[in-house]
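Below: the structure, in C-alpha cells.
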Amino acid sequence: MDIEFKRLQFDFYSHNALEVAPLLLGKIIHCNEVALIITETEAYLPTDSACHAYNGKTERNAPMFLSGGFLYVYLCYGIHNLCNIVVDKEGVASAVLLRAAQVYSGSDIIRQRRNGSLDLVGPGKVGQALQLTRADSGKALSDEIFVTEGFTPVSIEKAPRVGIDYALPQDRDAKWRFIAKEFKK
DNA sequence: AGAGTGATGTTCT
DNA sequence: GAACATCACTCTA
C-alpha cells in the first residue's frame, strides 16, 4: 500500500476527451485528505449536444474552455457536486466526468463525509468523497489536488453515457462512458 | 430487487 | 419557471 505513484504531467490532459477518458481509469485522484482509484469516466466534447458547453460559453461552463488539467465542478439537481477534469487544448470545450471510484486511502474520512458508506459508484458520491464544490471549479490541478499513476485495468468496457436523454440521438447513444471492473496487481 | 419519488438550488430561457 | 451529466429512501412483491 505504500507504493509511490508518479504524478501525471499537464501533457497527459492535453488530448481529446475520447483518448483521455479511458486512460484515466485506474489512475488515483488525491484531494482533501483522501485518494480514490478512478473506475468509471465519461467524455464530453464541444460538438456533443450532451455537453454543457454545446451552446457556447457561460459563467458556469467557462472552465471547460481552459487547457487540460483544470477542474470543472458544478451542482447537479441542487444537491450533488459533479467533478470533471478539463482536457484538450485551450478553447476546446471538453472534459471528463468522474463517474465512479474506489477508495484507495482515507476511508475513515470518507465514511464521515458519506454517512458511513464507502460506495462511490455515482458521480455525486465521488464529489462528496473528494469534498469538491462549485468553489473549486476553474482551479488548476496543483499540489493540493492532483492525479497520479495507479493501476492498469484488466479490460475497459464502453457504454452510453448516463442521464443525457435531452441530447440528440447520435450523442445520447455514443459509447463515451468507460468502465474498469478490475485491475492488474 | 425493482419501481417510484422527494430533496434541493443553480442556471438558462 | 423549467430543466437539470443524482441519491437515498420508501413502497410493492
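Chain labels A, B, ... are given in the sequence in which chains occur in the C-alpha cells; within each chain residues are numbered consecutively from 1, and ligands are likewise numbered from 1 in the order shown.
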(message) Run DSSP on the backbone and tell me which residues of segment 50-179 of chain A come out as strand (DSSP E); list them as a VMD selection string.
(response) chain A and resid 71 to 76 80 to 86 95 to 105 146 to 148 156 to 159 177 to 179
(message) I want to know what sits within 12 Å of DT12 of chain C, based on only C-alpha atoms (C1' of nucleotides), with residues of the same chain fewer than 6 positions away left out; could you give that as a VMD selection string?
(response) chain B and resid 1 to 4
Take the selection from the previous step and output its residues with C-alpha atoms (C1' of nucleotides), as a short mmCIF file (atom, residue, chain, number, x, y, z; two decimals), in the first residue's frame.
```cif
data_model
loop_
_atom_site.label_atom_id
_atom_site.label_comp_id
_atom_site.auth_asym_id
_atom_site.auth_seq_id
_atom_site.Cartn_x
_atom_site.Cartn_y
_atom_site.Cartn_z
"C1'" DA B 1 -34.84 -6.35 -6.45
"C1'" DG B 2 -37.41 -3.13 -8.94
"C1'" DA B 3 -40.30 0.96 -9.42
"C1'" DG B 4 -41.48 5.37 -7.71
#
```
(request) For chain C, work out the contacting residues on chain A at 9 Å, counting only C-alpha atoms (C1' of nucleotides), and write them as a ChimeraX atom specification. (result) /A:42,50-52,76-80,82,97,122-125,161-164
Using N, CA, C and O atoms, can you write the selected residues to a file as a PDB file, in the first residue's frame?
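Final file, result.pdb:
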```pdb
ATOM      1  N   GLU A  42     -16.675   9.539 -18.113  1.00  0.00           N
ATOM      2  CA  GLU A  42     -17.429   9.864 -19.323  1.00  0.00           C
ATOM      3  C   GLU A  42     -16.757  11.032 -20.025  1.00  0.00           C
ATOM      4  O   GLU A  42     -16.309  11.977 -19.374  1.00  0.00           O
ATOM      5  N   ALA A  50     -24.766  16.767 -25.604  1.00  0.00           N
ATOM      6  CA  ALA A  50     -24.897  16.481 -24.174  1.00  0.00           C
ATOM      7  C   ALA A  50     -23.946  17.342 -23.344  1.00  0.00           C
ATOM      8  O   ALA A  50     -24.040  17.368 -22.120  1.00  0.00           O
ATOM      9  N   CYS A  51     -23.042  18.044 -24.015  1.00  0.00           N
ATOM     10  CA  CYS A  51     -22.016  18.813 -23.306  1.00  0.00           C
ATOM     11  C   CYS A  51     -22.574  20.156 -22.843  1.00  0.00           C
ATOM     12  O   CYS A  51     -23.298  20.824 -23.582  1.00  0.00           O
ATOM     13  N   HIS A  52     -22.229  20.551 -21.638  1.00  0.00           N
ATOM     14  CA  HIS A  52     -22.714  21.822 -21.102  1.00  0.00           C
ATOM     15  C   HIS A  52     -22.291  23.015 -21.948  1.00  0.00           C
ATOM     16  O   HIS A  52     -22.936  24.054 -21.906  1.00  0.00           O
ATOM     17  N   CYS A  76     -25.454  19.651  -9.467  1.00  0.00           N
ATOM     18  CA  CYS A  76     -26.440  18.913 -10.254  1.00  0.00           C
ATOM     19  C   CYS A  76     -27.652  18.601  -9.385  1.00  0.00           C
ATOM     20  O   CYS A  76     -27.502  18.157  -8.249  1.00  0.00           O
ATOM     21  N   TYR A  77     -28.846  18.849  -9.894  1.00  0.00           N
ATOM     22  CA  TYR A  77     -30.088  18.586  -9.173  1.00  0.00           C
ATOM     23  C   TYR A  77     -30.109  19.284  -7.811  1.00  0.00           C
ATOM     24  O   TYR A  77     -30.737  18.795  -6.877  1.00  0.00           O
ATOM     25  N   GLY A  78     -29.388  20.377  -7.704  1.00  0.00           N
ATOM     26  CA  GLY A  78     -29.439  21.162  -6.476  1.00  0.00           C
ATOM     27  C   GLY A  78     -28.686  20.575  -5.303  1.00  0.00           C
ATOM     28  O   GLY A  78     -28.643  21.191  -4.236  1.00  0.00           O
ATOM     29  N   ILE A  79     -28.093  19.401  -5.466  1.00  0.00           N
ATOM     30  CA  ILE A  79     -27.537  18.684  -4.324  1.00  0.00           C
ATOM     31  C   ILE A  79     -26.105  18.211  -4.553  1.00  0.00           C
ATOM     32  O   ILE A  79     -25.279  18.298  -3.661  1.00  0.00           O
ATOM     33  N   HIS A  80     -25.851  17.702  -5.744  1.00  0.00           N
ATOM     34  CA  HIS A  80     -24.617  16.961  -5.975  1.00  0.00           C
ATOM     35  C   HIS A  80     -23.579  17.790  -6.701  1.00  0.00           C
ATOM     36  O   HIS A  80     -23.889  18.460  -7.687  1.00  0.00           O
ATOM     37  N   LEU A  82     -20.671  17.540  -9.103  1.00  0.00           N
ATOM     38  CA  LEU A  82     -20.070  16.595 -10.042  1.00  0.00           C
ATOM     39  C   LEU A  82     -18.719  17.124 -10.492  1.00  0.00           C
ATOM     40  O   LEU A  82     -18.594  18.285 -10.858  1.00  0.00           O
ATOM     41  N   LEU A  97     -15.863  13.482 -17.033  1.00  0.00           N
ATOM     42  CA  LEU A  97     -16.584  13.362 -15.762  1.00  0.00           C
ATOM     43  C   LEU A  97     -16.093  12.135 -15.003  1.00  0.00           C
ATOM     44  O   LEU A  97     -15.968  11.052 -15.576  1.00  0.00           O
ATOM     45  N   GLY A 122     -21.195   6.438  -8.713  1.00  0.00           N
ATOM     46  CA  GLY A 122     -22.116   7.551  -8.949  1.00  0.00           C
ATOM     47  C   GLY A 122     -21.366   8.857  -8.747  1.00  0.00           C
ATOM     48  O   GLY A 122     -20.663   9.010  -7.755  1.00  0.00           O
ATOM     49  N   PRO A 123     -21.523   9.782  -9.691  1.00  0.00           N
ATOM     50  CA  PRO A 123     -20.702  10.996  -9.666  1.00  0.00           C
ATOM     51  C   PRO A 123     -20.949  11.886  -8.456  1.00  0.00           C
ATOM     52  O   PRO A 123     -20.021  12.545  -7.971  1.00  0.00           O
ATOM     53  N   GLY A 124     -22.182  11.912  -7.942  1.00  0.00           N
ATOM     54  CA  GLY A 124     -22.454  12.712  -6.757  1.00  0.00           C
ATOM     55  C   GLY A 124     -21.680  12.179  -5.556  1.00  0.00           C
ATOM     56  O   GLY A 124     -21.186  12.944  -4.720  1.00  0.00           O
ATOM     57  N   LYS A 125     -21.555  10.858  -5.477  1.00  0.00           N
ATOM     58  CA  LYS A 125     -20.830  10.241  -4.364  1.00  0.00           C
ATOM     59  C   LYS A 125     -19.348  10.533  -4.451  1.00  0.00           C
ATOM     60  O   LYS A 125     -18.687  10.765  -3.435  1.00  0.00           O
ATOM     61  N   ARG A 161     -23.548   7.106 -22.224  1.00  0.00           N
ATOM     62  CA  ARG A 161     -23.478   7.908 -21.010  1.00  0.00           C
ATOM     63  C   ARG A 161     -24.833   7.950 -20.304  1.00  0.00           C
ATOM     64  O   ARG A 161     -25.863   7.650 -20.913  1.00  0.00           O
ATOM     65  N   VAL A 162     -24.802   8.322 -19.043  1.00  0.00           N
ATOM     66  CA  VAL A 162     -25.992   8.256 -18.192  1.00  0.00           C
ATOM     67  C   VAL A 162     -26.623   9.640 -18.039  1.00  0.00           C
ATOM     68  O   VAL A 162     -25.911  10.644 -17.919  1.00  0.00           O
ATOM     69  N   GLY A 163     -27.965   9.677 -18.064  1.00  0.00           N
ATOM     70  CA  GLY A 163     -28.671  10.906 -17.672  1.00  0.00           C
ATOM     71  C   GLY A 163     -28.638  12.008 -18.695  1.00  0.00           C
ATOM     72  O   GLY A 163     -28.684  13.188 -18.341  1.00  0.00           O
ATOM     73  N   ILE A 164     -28.548  11.675 -19.979  1.00  0.00           N
ATOM     74  CA  ILE A 164     -28.453  12.709 -21.016  1.00  0.00           C
ATOM     75  C   ILE A 164     -29.530  12.514 -22.077  1.00  0.00           C
ATOM     76  O   ILE A 164     -29.290  12.694 -23.266  1.00  0.00           O
TER      77      ILE A 164
END
```
(request) List every residue of segment 16-88 of chain A that DSSP, applied to the backbone, labels as alpha helix (DSSP H), and write the result as a ChimeraX atom specification. (result) /A:17-23
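Atom to atom, atom CA of Ala180 of chain A and atom CA of Leu23 of chain A stand 10.5 Å apart.
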(message) So that I can check the surroundings of Tyr44 of chain A, please list as an NGL selection string every protein, DNA and RNA residue that reaches within 7 Å of it, counting only C-alpha atoms (C1' of nucleotides) and ignoring chain neighbours fewer than 4 positions away.
(response) :A and (17 or 48 or 51 or 94-96)
Using only C-alpha atoms (C1' of nucleotides), tabulate the residues of chain B lying at most 8 Å from any atom of chain A, each with its closest atom pair and that distance in Å to one decimal, by chain and increasing residue number, as JSON lines.
```
{"residue": "B:DT8", "atom": "C1'", "partner": "A:Gly78", "partner_atom": "CA", "distance": 4.6}
{"residue": "B:DG9", "atom": "C1'", "partner": "A:Gly78", "partner_atom": "CA", "distance": 4.3}
{"residue": "B:DT10", "atom": "C1'", "partner": "A:Gly78", "partner_atom": "CA", "distance": 6.7}
{"residue": "B:DT11", "atom": "C1'", "partner": "A:Arg60", "partner_atom": "CA", "distance": 7.8}
```
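The space separating atom CA of Leu168 of chain A from atom CA of Leu120 of chain A comes to 28.9 Å.
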Compile the contact shell of Glu33 of chain A as an mmCIF file with C-alpha atoms, in the first residue's frame: residues with an atom at most 12 Å away, counting only C-alpha atoms (C1' of nucleotides), same-chain residues fewer than 2 positions apart removed.
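The file below, around_25.cif, is the result:
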```
data_model
loop_
_atom_site.group_PDB
_atom_site.id
_atom_site.type_symbol
_atom_site.label_atom_id
_atom_site.label_comp_id
_atom_site.auth_asym_id
_atom_site.auth_seq_id
_atom_site.Cartn_x
_atom_site.Cartn_y
_atom_site.Cartn_z
ATOM 1 C CA ILE A 29 -7.010 11.250 -7.611
ATOM 2 C CA HIS A 30 -5.634 12.831 -4.431
ATOM 3 C CA CYS A 31 -7.714 15.578 -2.862
ATOM 4 C CA ALA A 35 -7.220 9.229 -2.549
ATOM 5 C CA LEU A 36 -9.546 7.399 -4.929
ATOM 6 C CA VAL A 103 -11.328 4.135 -2.007
ATOM 7 C CA TYR A 104 -7.522 3.989 -2.102
ATOM 8 C CA SER A 105 -6.840 5.801 1.181
ATOM 9 C CA GLY A 106 -8.716 7.918 3.704
ATOM 10 C CA SER A 107 -11.594 5.500 4.305
ATOM 11 C CA ASP A 108 -12.333 6.857 7.786
ATOM 12 C CA ILE A 109 -12.709 10.376 6.434
ATOM 13 C CA ILE A 110 -14.876 9.193 3.558
ATOM 14 C CA ARG A 113 -18.437 12.508 4.729
ATOM 15 C CA ALA A 129 -15.918 11.827 -1.027
ATOM 16 C CA LEU A 130 -13.464 14.307 -2.568
ATOM 17 C CA GLN A 131 -15.295 17.184 -0.849
ATOM 18 C CA LEU A 132 -15.210 19.250 -4.024
ATOM 19 C CA GLU A 144 -3.456 20.178 -3.226
ATOM 20 C CA ILE A 145 -5.462 18.342 -5.863
ATOM 21 C CA PHE A 146 -3.727 16.067 -8.346
#
```
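Note that atom CA of Val20 of chain A and atom CA of Ser67 of chain A are 13.3 Å apart.
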